[in-house]
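Coordinates from coords_31.txt are shown below (compact mmCIF, C-alpha atoms).
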```
# COMPACT_ATOMS: atom_id res chain seq x y z
CA MET A 1343 24.37 192.30 9.13
CA ALA A 1344 26.59 189.51 7.76
CA LYS A 1345 25.15 187.02 5.29
CA SER A 1346 23.63 183.79 6.59
CA TYR A 1347 24.77 180.54 5.02
CA LEU A 1348 25.51 176.85 5.37
CA ARG A 1349 28.86 175.57 4.14
CA PHE A 1350 30.21 172.05 3.84
CA TRP A 1351 33.79 171.59 5.12
CA GLY A 1352 33.82 167.79 5.33
CA VAL A 1353 31.44 165.38 3.61
CA ARG A 1354 33.22 162.02 3.69
CA GLY A 1355 32.15 159.19 6.02
CA SER A 1356 34.37 156.76 7.92
CA TYR A 1357 37.87 158.10 7.15
CA PRO A 1358 39.54 160.90 5.18
CA ALA A 1359 39.90 160.27 1.46
CA PRO A 1360 42.47 162.76 0.11
CA PHE A 1361 42.83 160.90 -3.19
CA GLU A 1362 43.18 162.62 -6.56
CA THR A 1363 40.06 160.87 -7.85
CA HIS A 1364 37.98 162.06 -4.85
CA LEU A 1365 38.86 165.74 -4.61
CA GLY A 1366 36.00 167.07 -6.72
CA ILE A 1367 33.69 166.03 -3.85
CA GLY A 1368 36.30 166.33 -1.10
CA GLY A 1369 38.16 164.05 1.26
CA ASN A 1370 37.55 165.54 4.72
CA THR A 1371 35.30 163.84 7.25
CA PRO A 1372 32.06 165.48 8.50
CA CYS A 1373 31.90 169.14 9.36
CA VAL A 1374 29.16 171.60 8.39
CA GLU A 1375 29.21 175.30 9.23
CA ILE A 1376 25.91 177.11 9.76
CA ASN A 1377 26.34 180.83 10.15
CA VAL A 1378 23.23 182.88 10.88
CA ASP A 1379 23.22 186.56 11.82
CA ASP A 1380 26.79 186.23 13.04
CA HIS A 1381 26.02 183.19 15.19
CA LEU A 1382 28.26 180.28 14.33
CA LEU A 1383 27.12 176.68 14.66
CA ILE A 1384 29.33 173.75 13.66
CA CYS A 1385 27.88 170.30 13.08
CA ASP A 1386 30.52 167.68 13.84
CA ALA A 1387 34.27 168.01 14.17
CA GLY A 1388 35.70 165.64 11.57
CA THR A 1389 38.82 166.69 9.67
CA GLY A 1390 36.75 169.34 7.86
CA ILE A 1391 36.84 171.44 11.04
CA ILE A 1392 40.60 171.96 10.60
CA PRO A 1393 40.38 174.29 7.56
CA LEU A 1394 37.28 175.90 9.09
CA GLY A 1395 39.27 176.67 12.26
CA ASN A 1396 42.11 178.14 10.23
CA LYS A 1397 39.66 180.37 8.36
CA LEU A 1398 38.08 181.57 11.62
CA VAL A 1399 41.49 182.54 12.96
CA ALA A 1400 42.50 184.24 9.69
CA ASP A 1401 39.23 186.22 9.57
CA GLY A 1402 39.39 187.06 13.28
CA LYS A 1403 35.71 188.05 13.34
CA GLN A 1404 33.84 185.33 15.21
CA ASP A 1405 35.04 184.00 18.55
CA ARG A 1406 31.92 182.36 20.01
CA LEU A 1407 30.80 179.04 18.61
CA LEU A 1408 28.69 176.02 19.36
CA ILE A 1409 29.82 172.58 18.19
CA LEU A 1410 27.16 169.86 17.94
CA LEU A 1411 28.57 166.35 17.87
CA SER A 1412 26.36 163.68 16.36
CA HIS A 1413 28.43 161.04 18.20
CA PHE A 1414 32.01 160.31 19.13
CA HIS A 1415 33.24 158.00 16.39
CA TRP A 1416 36.64 159.11 15.11
CA ASP A 1417 35.47 160.51 11.81
CA HIS A 1418 33.26 162.99 13.70
CA ILE A 1419 35.81 164.25 16.25
CA SER A 1420 39.24 163.67 14.69
CA GLY A 1421 39.62 167.30 13.59
CA LEU A 1422 39.45 168.64 17.16
CA PRO A 1423 43.12 168.04 18.06
CA PHE A 1424 44.02 170.33 15.14
CA PHE A 1425 41.27 172.90 15.62
CA THR A 1426 43.34 176.05 16.08
CA PRO A 1427 40.69 178.21 17.87
CA ALA A 1428 40.72 175.74 20.79
CA PHE A 1429 44.33 176.74 21.48
CA ILE A 1430 43.67 180.53 21.50
CA PRO A 1431 42.36 182.23 24.68
CA LYS A 1432 39.90 184.62 23.04
CA TYR A 1433 37.64 181.82 21.74
CA ASN A 1434 34.54 180.55 23.52
CA ILE A 1435 33.66 177.03 22.43
CA ASN A 1436 30.51 175.33 23.64
CA PHE A 1437 29.96 171.61 23.03
CA PHE A 1438 26.82 169.50 22.88
CA GLY A 1439 26.55 165.78 22.18
CA PRO A 1440 24.97 162.52 23.29
CA GLY A 1441 25.60 161.43 26.86
CA ASP A 1442 24.08 161.66 30.30
CA SER A 1443 26.28 164.37 31.86
CA LYS A 1444 28.63 167.23 30.94
CA GLU A 1445 31.47 165.23 32.51
CA ILE A 1446 30.95 162.30 30.16
CA ILE A 1447 30.95 164.59 27.08
CA LYS A 1448 34.23 166.11 28.29
CA LYS A 1449 35.65 162.62 28.92
CA TYR A 1450 34.79 161.48 25.38
CA ILE A 1451 36.32 164.61 23.81
CA ASP A 1452 39.44 164.43 25.98
CA GLY A 1453 39.92 160.72 25.35
CA GLN A 1454 41.23 160.89 21.80
CA MET A 1455 43.94 163.41 22.83
CA LYS A 1456 45.32 161.43 25.75
CA ALA A 1457 48.72 159.70 25.69
CA PRO A 1458 49.70 157.51 23.94
CA TYR A 1459 47.25 158.49 21.19
CA PHE A 1460 48.20 162.15 20.84
CA PRO A 1461 51.06 164.37 22.03
CA VAL A 1462 48.94 167.27 23.34
CA GLY A 1463 45.99 166.88 25.69
CA THR A 1464 42.93 169.11 26.00
CA GLU A 1465 44.54 170.65 29.10
CA GLU A 1466 46.59 172.64 26.54
CA TRP A 1467 43.42 174.18 25.10
CA MET A 1468 43.41 177.84 26.05
CA ALA A 1469 39.96 178.75 24.76
CA ASN A 1470 37.07 178.93 27.19
CA ILE A 1471 35.55 175.46 26.74
CA THR A 1472 32.06 174.78 28.07
CA TYR A 1473 29.59 171.92 27.77
CA ILE A 1474 25.82 172.11 27.51
CA ASP A 1475 23.98 169.72 29.81
CA PRO A 1476 23.12 166.77 27.54
CA LYS A 1477 19.74 166.52 29.26
CA GLU A 1478 18.62 169.78 27.63
CA ARG A 1479 15.89 168.93 25.13
CA LYS A 1480 16.05 172.20 23.19
CA ILE A 1481 19.12 174.36 22.64
CA LYS A 1482 19.00 178.00 21.63
CA HIS A 1483 21.95 179.49 19.79
CA GLY A 1484 21.20 183.04 18.67
CA PRO A 1485 18.30 182.78 16.23
CA MET A 1486 18.73 178.99 15.92
CA GLU A 1487 16.56 176.51 17.80
CA ILE A 1488 18.08 173.06 17.94
CA THR A 1489 16.48 169.75 18.85
CA TYR A 1490 17.82 166.26 18.36
CA TYR A 1491 16.74 162.66 17.91
CA SER A 1492 18.30 159.20 17.90
CA ALA A 1493 19.69 157.67 14.74
CA HIS A 1494 20.13 154.05 13.66
CA HIS A 1495 23.89 153.80 14.05
CA PRO A 1496 26.05 151.79 16.46
CA GLY A 1497 26.13 153.35 19.94
CA ILE A 1498 24.19 156.51 20.82
CA THR A 1499 24.05 158.82 17.79
CA TYR A 1500 22.01 161.96 17.22
CA GLY A 1501 20.50 163.71 14.25
CA TYR A 1502 19.95 167.46 14.72
CA SER A 1503 17.05 169.63 13.63
CA ILE A 1504 17.93 173.32 13.35
CA LYS A 1505 15.17 175.88 12.89
CA ILE A 1506 16.13 179.29 11.54
CA LYS A 1507 14.25 182.08 9.77
CA ASN A 1508 11.28 179.84 8.97
CA LYS A 1509 13.61 177.22 7.51
CA THR A 1510 14.38 173.79 8.93
CA ILE A 1511 17.72 172.12 8.42
CA ILE A 1512 18.17 168.50 9.48
CA TYR A 1513 21.67 167.14 9.85
CA ILE A 1514 21.85 163.37 10.21
CA PRO A 1515 25.25 162.21 9.02
CA ASP A 1516 25.11 158.56 10.08
CA ASN A 1517 21.81 156.71 9.92
CA GLU A 1518 20.72 153.33 8.58
CA CYS A 1519 17.21 153.67 7.13
CA LEU A 1520 14.56 150.94 7.14
CA PHE A 1521 16.34 148.71 9.59
CA LEU A 1522 13.18 147.05 10.93
CA ASP A 1523 11.80 146.63 7.42
CA LYS A 1524 14.81 144.60 6.35
CA SER A 1525 14.89 142.65 9.58
CA ILE A 1526 11.23 141.65 9.17
CA LYS A 1527 11.84 140.48 5.60
CA GLU A 1528 14.70 138.29 6.78
CA ASN A 1529 13.57 137.03 10.18
CA THR A 1530 9.87 136.17 10.25
CA LYS A 1531 10.17 132.59 9.02
CA GLY A 1532 7.92 130.38 11.13
CA PHE A 1533 5.95 133.31 12.53
CA SER A 1534 2.15 133.06 12.75
CA GLU A 1535 -0.05 135.16 10.48
CA GLU A 1536 -1.04 137.28 13.48
CA GLU A 1537 2.61 137.95 14.36
CA ILE A 1538 3.46 138.89 10.77
CA THR A 1539 0.44 141.22 10.60
CA MET A 1540 1.46 142.94 13.83
CA PHE A 1541 5.08 143.37 12.75
CA THR A 1542 3.97 144.71 9.37
CA LYS A 1543 1.94 147.30 11.28
CA MET A 1544 4.89 148.07 13.58
CA ASN A 1545 7.06 148.55 10.53
CA GLU A 1546 4.56 151.00 9.02
CA GLU A 1547 4.43 152.92 12.30
CA GLU A 1548 8.21 153.03 12.52
CA TYR A 1549 8.41 154.35 8.96
CA GLU A 1550 5.72 156.96 9.70
CA THR A 1551 7.75 158.14 12.70
CA ALA A 1552 10.90 158.40 10.56
CA VAL A 1553 9.03 160.33 7.86
CA LYS A 1554 7.41 162.63 10.44
CA THR A 1555 10.84 163.49 11.83
CA ILE A 1556 11.99 164.95 8.50
CA LEU A 1557 8.57 166.07 7.21
CA ASN A 1558 8.67 169.21 5.02
CA THR A 1559 12.34 169.82 5.84
CA ASP A 1560 13.89 172.58 3.74
CA ILE A 1561 17.42 171.22 3.82
CA LEU A 1562 18.07 167.58 4.71
CA ILE A 1563 21.70 166.50 5.01
CA HIS A 1564 21.55 162.72 5.20
CA ASP A 1565 23.87 159.74 5.16
CA ALA A 1566 23.79 158.13 1.69
CA GLN A 1567 26.98 156.12 1.89
CA TYR A 1568 26.08 152.93 0.06
CA THR A 1569 25.05 151.78 -3.37
CA PRO A 1570 22.64 148.79 -3.38
CA GLU A 1571 25.63 146.52 -4.12
CA ASP A 1572 27.57 147.95 -1.14
CA TYR A 1573 24.55 147.64 1.12
CA LYS A 1574 24.20 143.93 0.43
CA LYS A 1575 27.65 143.47 1.96
CA LYS A 1576 27.39 146.13 4.65
CA LYS A 1577 23.89 145.88 6.07
CA GLY A 1578 24.11 146.47 9.79
CA TRP A 1579 27.10 148.81 9.57
CA GLY A 1580 24.95 151.83 10.42
CA HIS A 1581 24.78 153.61 7.05
CA SER A 1582 22.10 153.99 4.40
CA CYS A 1583 21.70 152.94 0.83
CA TYR A 1584 20.91 156.05 -1.24
CA ILE A 1585 17.72 154.47 -2.66
CA ASP A 1586 16.18 154.24 0.82
CA VAL A 1587 17.15 157.83 1.58
CA ILE A 1588 15.72 159.27 -1.62
CA ASN A 1589 12.43 157.37 -1.21
CA MET A 1590 12.06 158.51 2.39
CA ALA A 1591 12.87 162.13 1.47
CA ILE A 1592 10.20 162.02 -1.27
CA ASP A 1593 7.62 160.56 1.13
CA ALA A 1594 8.45 163.25 3.68
CA ASN A 1595 8.07 166.08 1.15
CA VAL A 1596 11.63 167.24 1.78
CA LYS A 1597 12.53 170.28 -0.35
CA ASN A 1598 16.30 169.86 -0.76
CA LEU A 1599 18.28 166.72 -0.03
CA TYR A 1600 22.07 166.78 0.27
CA LEU A 1601 23.62 163.31 -0.06
CA PHE A 1602 26.24 163.12 2.68
CA SER A 1603 28.77 160.88 4.40
CA HIS A 1604 30.13 159.60 1.09
CA ASP A 1605 31.92 156.27 1.14
CA PRO A 1606 35.70 156.87 1.01
CA ASN A 1607 35.90 154.00 -1.50
CA ASN A 1608 33.71 155.95 -3.93
CA ASN A 1609 35.43 158.38 -6.26
CA ASP A 1610 33.83 161.49 -7.79
CA LYS A 1611 32.50 159.52 -10.75
CA VAL A 1612 30.70 156.96 -8.58
CA ILE A 1613 29.13 159.65 -6.39
CA LYS A 1614 27.96 161.64 -9.44
CA ASN A 1615 26.41 158.43 -10.73
CA ILE A 1616 24.59 157.98 -7.40
CA GLN A 1617 23.10 161.45 -7.84
CA LYS A 1618 22.00 160.57 -11.40
CA GLU A 1619 20.27 157.45 -10.11
CA CYS A 1620 18.57 159.53 -7.39
CA GLN A 1621 17.39 161.94 -10.08
CA LYS A 1622 15.83 159.04 -12.02
CA ILE A 1623 13.86 157.98 -8.92
CA ILE A 1624 12.69 161.57 -8.40
CA GLU A 1625 11.52 161.82 -12.02
CA ASN A 1626 9.81 158.42 -11.93
CA LYS A 1627 7.91 159.48 -8.82
CA ASN A 1628 7.15 162.89 -10.30
CA SER A 1629 8.48 164.50 -7.13
CA SER A 1630 9.57 168.10 -6.64
CA LEU A 1631 12.48 167.05 -4.41
CA LYS A 1632 15.84 168.59 -5.35
CA CYS A 1633 18.78 166.28 -4.77
CA PHE A 1634 22.39 167.49 -4.50
CA ILE A 1635 25.76 166.03 -3.67
CA ALA A 1636 27.19 167.56 -0.50
CA LYS A 1637 30.68 168.60 -1.51
CA GLU A 1638 33.44 170.52 0.19
CA SER A 1639 33.23 174.33 -0.18
CA LEU A 1640 29.62 174.17 -1.33
CA GLU A 1641 27.79 177.10 0.25
CA ILE A 1642 24.01 177.47 0.53
CA SER A 1643 22.47 180.85 1.23
CA LEU A 1644 20.13 180.97 4.23
CA ASP A 1645 19.06 184.61 3.68
CA MET B 774 -8.53 137.43 48.07
CA SER B 775 -7.39 138.84 44.76
CA GLU B 776 -4.58 137.10 42.93
CA TYR B 777 -1.14 138.71 43.29
CA LYS B 778 0.08 140.02 39.95
CA ARG B 779 3.63 140.94 39.16
CA THR B 780 4.14 144.21 37.33
CA VAL B 781 5.96 144.37 34.02
CA VAL B 782 6.68 147.68 32.29
CA LEU B 783 7.08 148.18 28.55
CA ILE B 784 8.55 151.44 27.19
CA ASP B 785 8.18 151.65 23.43
CA ASP B 786 6.85 154.49 21.26
CA ASN B 787 5.36 151.97 18.83
CA PRO B 788 1.62 151.44 19.60
CA THR B 789 1.43 148.03 17.94
CA SER B 790 4.34 146.85 20.08
CA HIS B 791 2.11 147.49 23.13
CA LYS B 792 -0.61 145.32 21.58
CA PHE B 793 1.94 142.65 20.76
CA PHE B 794 3.12 142.47 24.37
CA LEU B 795 -0.43 142.48 25.74
CA ARG B 796 -1.29 139.61 23.43
CA SER B 797 1.90 137.71 24.35
CA MET B 798 1.13 137.97 28.05
CA GLU B 799 -2.63 137.46 28.08
CA ASP B 800 -2.36 133.96 29.54
CA LEU B 801 0.04 135.05 32.25
CA SER B 802 -0.96 136.59 35.53
CA ILE B 803 0.90 139.81 34.92
CA ASP B 804 0.02 143.48 35.22
CA LEU B 805 1.54 145.03 32.09
CA LYS B 806 2.01 148.78 32.15
CA THR B 807 2.81 150.28 28.75
CA TYR B 808 4.40 153.69 28.11
CA GLY B 809 4.87 155.41 24.76
CA ASN B 810 7.45 157.90 26.00
CA THR B 811 10.22 158.00 28.59
CA ASP B 812 8.88 160.99 30.57
CA ASP B 813 5.66 159.20 31.51
CA ALA B 814 7.57 156.01 32.22
CA MET B 815 10.04 157.82 34.48
CA ALA B 816 7.18 159.47 36.39
CA TYR B 817 5.91 155.97 37.22
CA LEU B 818 9.31 154.39 37.83
CA LYS B 819 10.42 157.11 40.23
CA ASP B 820 8.36 155.42 42.94
CA ASN B 821 7.74 151.93 41.56
CA LYS B 822 9.98 148.97 40.90
CA PRO B 823 8.54 146.51 38.38
CA SER B 824 9.52 142.85 38.27
CA LEU B 825 10.73 143.34 34.70
CA LEU B 826 11.18 146.27 32.34
CA PHE B 827 11.22 145.97 28.54
CA LEU B 828 12.90 148.95 26.90
CA ASN B 829 13.11 150.03 23.27
CA ILE B 830 16.19 151.99 22.09
CA ILE B 831 15.15 154.32 19.25
CA MET B 832 12.34 156.50 20.56
CA PRO B 833 11.48 160.08 19.55
CA ASP B 834 11.90 161.65 22.98
CA LYS B 835 14.95 159.80 24.29
CA ASN B 836 17.35 157.02 23.40
CA GLY B 837 16.57 153.92 25.50
CA LEU B 838 20.23 153.47 26.43
CA THR B 839 20.43 157.03 27.76
CA PHE B 840 17.20 156.40 29.65
CA LEU B 841 18.69 153.26 31.18
CA GLU B 842 21.79 155.20 32.27
CA GLU B 843 19.54 157.69 34.06
CA LEU B 844 17.41 154.94 35.57
CA ARG B 845 20.42 153.15 37.03
CA LYS B 846 21.35 156.30 38.94
CA LEU B 847 18.17 155.95 40.99
CA PRO B 848 18.90 153.70 44.01
CA LEU B 849 15.53 151.99 43.54
CA HIS B 850 16.58 150.77 40.09
CA ASN B 851 20.24 149.86 40.43
CA ASP B 852 19.26 146.20 40.05
CA THR B 853 15.89 146.36 38.25
CA HIS B 854 15.61 143.61 35.64
CA VAL B 855 15.78 145.27 32.22
CA ILE B 856 15.54 143.69 28.78
CA MET B 857 16.19 145.66 25.62
CA ILE B 858 13.76 145.10 22.72
CA THR B 859 14.83 146.82 19.56
CA SER B 860 15.31 146.74 15.82
CA LYS B 861 18.69 148.45 16.39
CA ASP B 862 20.92 145.42 16.43
CA TYR B 863 24.52 146.59 16.57
CA SER B 864 27.14 144.86 18.70
CA GLN B 865 28.11 148.17 20.34
CA ASP B 866 24.53 148.66 21.51
CA ARG B 867 24.57 145.18 23.01
CA THR B 868 27.81 146.07 24.82
CA ILE B 869 26.42 149.35 26.18
CA ALA B 870 23.21 147.63 27.30
CA SER B 871 25.17 144.85 28.98
CA GLU B 872 27.42 147.38 30.77
CA LEU B 873 24.26 149.06 32.05
CA GLY B 874 23.08 145.75 33.47
CA ALA B 875 20.48 144.77 30.86
CA LEU B 876 19.79 141.05 31.19
CA ASP B 877 19.00 140.39 27.56
CA PHE B 878 18.86 142.05 24.14
CA ILE B 879 15.93 140.97 22.01
CA VAL B 880 15.89 141.95 18.36
CA LYS B 881 12.62 142.77 16.57
CA PRO B 882 10.90 140.93 15.04
CA MET B 883 10.53 138.36 17.81
CA SER B 884 7.75 135.81 18.25
CA MET B 885 5.13 135.98 20.99
CA ARG B 886 6.56 132.73 22.29
CA THR B 887 9.91 134.49 22.81
CA ILE B 888 8.24 137.14 24.98
CA THR B 889 6.31 134.56 26.98
CA SER B 890 9.41 132.47 27.52
CA ILE B 891 11.42 135.52 28.71
CA MET B 892 8.64 136.33 31.15
CA LEU B 893 8.73 132.83 32.54
CA ASP B 894 12.53 132.87 32.75
CA TYR B 895 12.88 136.15 34.55
CA ILE B 896 9.74 136.28 36.68
CA LYS B 897 9.68 133.26 38.84
```

Encoded form (structure tokens):
Amino acid sequence: MAKSYLRFWGVRGSYPAPFETHLGIGGNTPCVEINVDDHLLICDAGTGIIPLGNKLVADGKQDRLLILLSHFHWDHISGLPFFTPAFIPKYNINFFGPGDSKEIIKKYIDGQMKAPYFPVGTEEWMANITYIDPKERKIKHGPMEITYYSAHHPGITYGYSIKIKNKTIIYIPDNECLFLDKSIKENTKGFSEEEITMFTKMNEEEYETAVKTILNTDILIHDAQYTPEDYKKKKGWGHSCYIDVINMAIDANVKNLYLFSHDPNNNDKVIKNIQKECQKIIENKNSSLKCFIAKESLEISLD
Amino acid sequence: MSEYKRTVVLIDDNPTSHKFFLRSMEDLSIDLKTYGNTDDAMAYLKDNKPSLLFLNIIMPDKNGLTFLEELRKLPLHNDTHVIMITSKDYSQDRTIASELGALDFIVKPMSMRTITSIMLDYIK
């Protein structure tokens, strides 16, 4: 049986960053391959899916795949027009994403390839393209069991939980942590003591829910786009400050955290510094969490 | 004769939010039905049309906006009064909610007075 692994093909948030100073981490937008017992799952179809598609065609071994889309913002679907397997008849490509019908998922995927935005429409795709009913609560893909939940990001955005071989992987590329917490700190002026007490309790419950969602996760791939300085300027843009992510991962007893959705403005040096700062928090809290930078070509064994 | 009470539904997974709404409405003659998940709420709403529905967005079992899309497909609820109550305050969410016919978009934290005033505005 073939080896089982997870591989990062695109780790950059917002837009591609093919700059010399960024290439140690990588410039492609989100795409993560999870290959288990010859079953191929792809999380998001940012520009990272383009080299993945080329590799699939070159290898010629796998022709059935499931693509999970966290949402339909450009950086998560912009690799699809250049995804070679879609144009080859032997491939079977199944899509799942947020929406209320298969038709709406198809409409969202087709939209970016319509004139005048792109010269070739999805009607040119020759692969067998199918869509999973978005109302399904649990998806089975070979040995993988997939569930999803809503993220704090503009529009309807999902995070995915993938259970395999007694391991849990959570992929949540775009998510703004502690939104209510910050809102309460800023917007309770003039509130009564009773109101403040109740919102403090609501905030604790919301945090407990967020922690429960990622509790004991083996591999957490989470948005960590901003430094505290960035976050001051970009609160409400739908991405997290790494400090909030690391603290939540520690509280949830996550085993391995992969910092993801790197800001395209941040070069390799800045991102490595973010990891160092995360490491300091881990040491100060005496936590066993392992924190890594998600970078292109990084492969994690799932055997 | 018993007093006629209008029914208001709250769908929010947060237990303290239920208490907050109950407290906000205790002086009003309103029958508040609270649901912590969308399945239970849908089971009730399939056959019942409340005077007003408060709906959270981020919930573990289903996104409130997706729930609202599904609700609008039921003929009984194509014009049900819906108000979003959420900590997820992005302009795109406001647009989606508005396109789905939500009357208002209230951002947490809000005061009890805000809830009471909405009730009085929309349930006359």

So how many Å separate atom CA of B:Arg796 and atom CA of B:Asp862, to one decimal? 24.0 Å

Could you list, with a cut-off of 8 Å and counting all atoms listed in the file, the residues of chain B near chain A, each shown with its nearest atom pair and the distance in Å rounded to one decimal, rows sorted by chain and ascending number, as JSON lines?
```
{"residue": "B:Asn787", "atom": "CA", "partner": "A:Met1544", "partner_atom": "CA", "distance": 6.6}
{"residue": "B:Pro788", "atom": "CA", "partner": "A:Met1544", "partner_atom": "CA", "distance": 7.6}
{"residue": "B:Thr789", "atom": "CA", "partner": "A:Met1544", "partner_atom": "CA", "distance": 5.6}
{"residue": "B:Ser790", "atom": "CA", "partner": "A:Met1544", "partner_atom": "CA", "distance": 6.6}
{"residue": "B:Phe793", "atom": "CA", "partner": "A:Met1540", "partner_atom": "CA", "distance": 7.0}
{"residue": "B:Ile831", "atom": "CA", "partner": "A:Ser1492", "partner_atom": "CA", "distance": 6.0}
{"residue": "B:Met832", "atom": "CA", "partner": "A:Ser1492", "partner_atom": "CA", "distance": 7.1}
{"residue": "B:Pro833", "atom": "CA", "partner": "A:Tyr1491", "partner_atom": "CA", "distance": 6.1}
{"residue": "B:Asp834", "atom": "CA", "partner": "A:Tyr1491", "partner_atom": "CA", "distance": 7.1}
{"residue": "B:Lys835", "atom": "CA", "partner": "A:Tyr1491", "partner_atom": "CA", "distance": 7.2}
{"residue": "B:Asn836", "atom": "CA", "partner": "A:Ser1492", "partner_atom": "CA", "distance": 6.0}
{"residue": "B:Leu838", "atom": "CA", "partner": "A:Ile1498", "partner_atom": "CA", "distance": 7.5}
{"residue": "B:Thr839", "atom": "CA", "partner": "A:Asp1442", "partner_atom": "CA", "distance": 6.4}
{"residue": "B:Glu842", "atom": "CA", "partner": "A:Asp1442", "partner_atom": "CA", "distance": 7.1}
{"residue": "B:Glu843", "atom": "CA", "partner": "A:Asp1442", "partner_atom": "CA", "distance": 7.1}
{"residue": "B:Ser860", "atom": "CA", "partner": "A:Leu1522", "partner_atom": "CA", "distance": 5.3}
{"residue": "B:Lys861", "atom": "CA", "partner": "A:His1494", "partner_atom": "CA", "distance": 6.4}
{"residue": "B:Asp862", "atom": "CA", "partner": "A:Gly1578", "partner_atom": "CA", "distance": 7.4}
{"residue": "B:Tyr863", "atom": "CA", "partner": "A:Pro1496", "partner_atom": "CA", "distance": 5.4}
{"residue": "B:Ser864", "atom": "CA", "partner": "A:Pro1496", "partner_atom": "CA", "distance": 7.4}
{"residue": "B:Gln865", "atom": "CA", "partner": "A:Gly1497", "partner_atom": "CA", "distance": 5.6}
{"residue": "B:Asp866", "atom": "CA", "partner": "A:Gly1497", "partner_atom": "CA", "distance": 5.2}
{"residue": "B:Ile869", "atom": "CA", "partner": "A:Gly1497", "partner_atom": "CA", "distance": 7.4}
{"residue": "B:Lys881", "atom": "CA", "partner": "A:Leu1522", "partner_atom": "CA", "distance": 7.1}
{"residue": "B:Pro882", "atom": "CA", "partner": "A:Ile1526", "partner_atom": "CA", "distance": 5.9}
{"residue": "B:Met883", "atom": "CA", "partner": "A:Thr1530", "partner_atom": "CA", "distance": 7.9}
{"residue": "B:Ser884", "atom": "CA", "partner": "A:Phe1533", "partner_atom": "CA", "distance": 6.5}
{"residue": "B:Met885", "atom": "CA", "partner": "A:Glu1537", "partner_atom": "CA", "distance": 7.4}
```

Mind listing whatever residues come within 8 Å of the point (25.9, 155.6, 3.9)? Use all atoms listed in the file, file coordinates, and give them as a VMD selection string. chain A and resid 1355 1516 to 1518 1565 to 1568 1580 to 1584 1602 to 1605

Selection from above, C-alpha atoms, as a compact mmCIF listing (two decimals), in the frame of the given file, can you write it?
```txt
# COMPACT_ATOMS: atom_id res chain seq x y z
CA GLY A 1355 32.15 159.19 6.02
CA ASP A 1516 25.11 158.56 10.08
CA ASN A 1517 21.81 156.71 9.92
CA GLU A 1518 20.72 153.33 8.58
CA ASP A 1565 23.87 159.74 5.16
CA ALA A 1566 23.79 158.13 1.69
CA GLN A 1567 26.98 156.12 1.89
CA TYR A 1568 26.08 152.93 0.06
CA GLY A 1580 24.95 151.83 10.42
CA HIS A 1581 24.78 153.61 7.05
CA SER A 1582 22.10 153.99 4.40
CA CYS A 1583 21.70 152.94 0.83
CA TYR A 1584 20.91 156.05 -1.24
CA PHE A 1602 26.24 163.12 2.68
CA SER A 1603 28.77 160.88 4.40
CA HIS A 1604 30.13 159.60 1.09
CA ASP A 1605 31.92 156.27 1.14
```

What's the 10 Å shell around B:Phe794, counting only C-alpha atoms, without same-chain residues fewer than 3 positions away, as a PyMOL selection string? chain B and resi 783+789-791+797-799+805+807+827+885+888-889

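The gap separating atom CA of A:Leu1348 from atom CA of A:Ile1504 is 11.6 Å, in Å to one decimal.
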
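Closest approach to A:Phe1425 among A:Thr1389, A:Ile1446, A:Ala1400, A:Asp1593: A:Thr1389, based on all atoms listed in the file.
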
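From atom CA of A:Glu1571 back to atom CA of A:Lys1622, the distance works out to 17.8 Å.
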
Taking 2 positions as the minimum chain separation for residues in the same chain, which residues sit within 12 Å of stretch 1471-1475 of chain A when counting all atoms listed in the file? Answer as an MDAnalysis selection string. chainID A and resid 1405:1411 1427:1452 1464:1469 1477:1483

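For the residues A:Gly1484, A:Pro1372, A:Gly1366, A:Gly1352, ranking by smallest atom-to-atom distance to A:Ile1613 using all atoms listed in the file places A:Gly1366 first.
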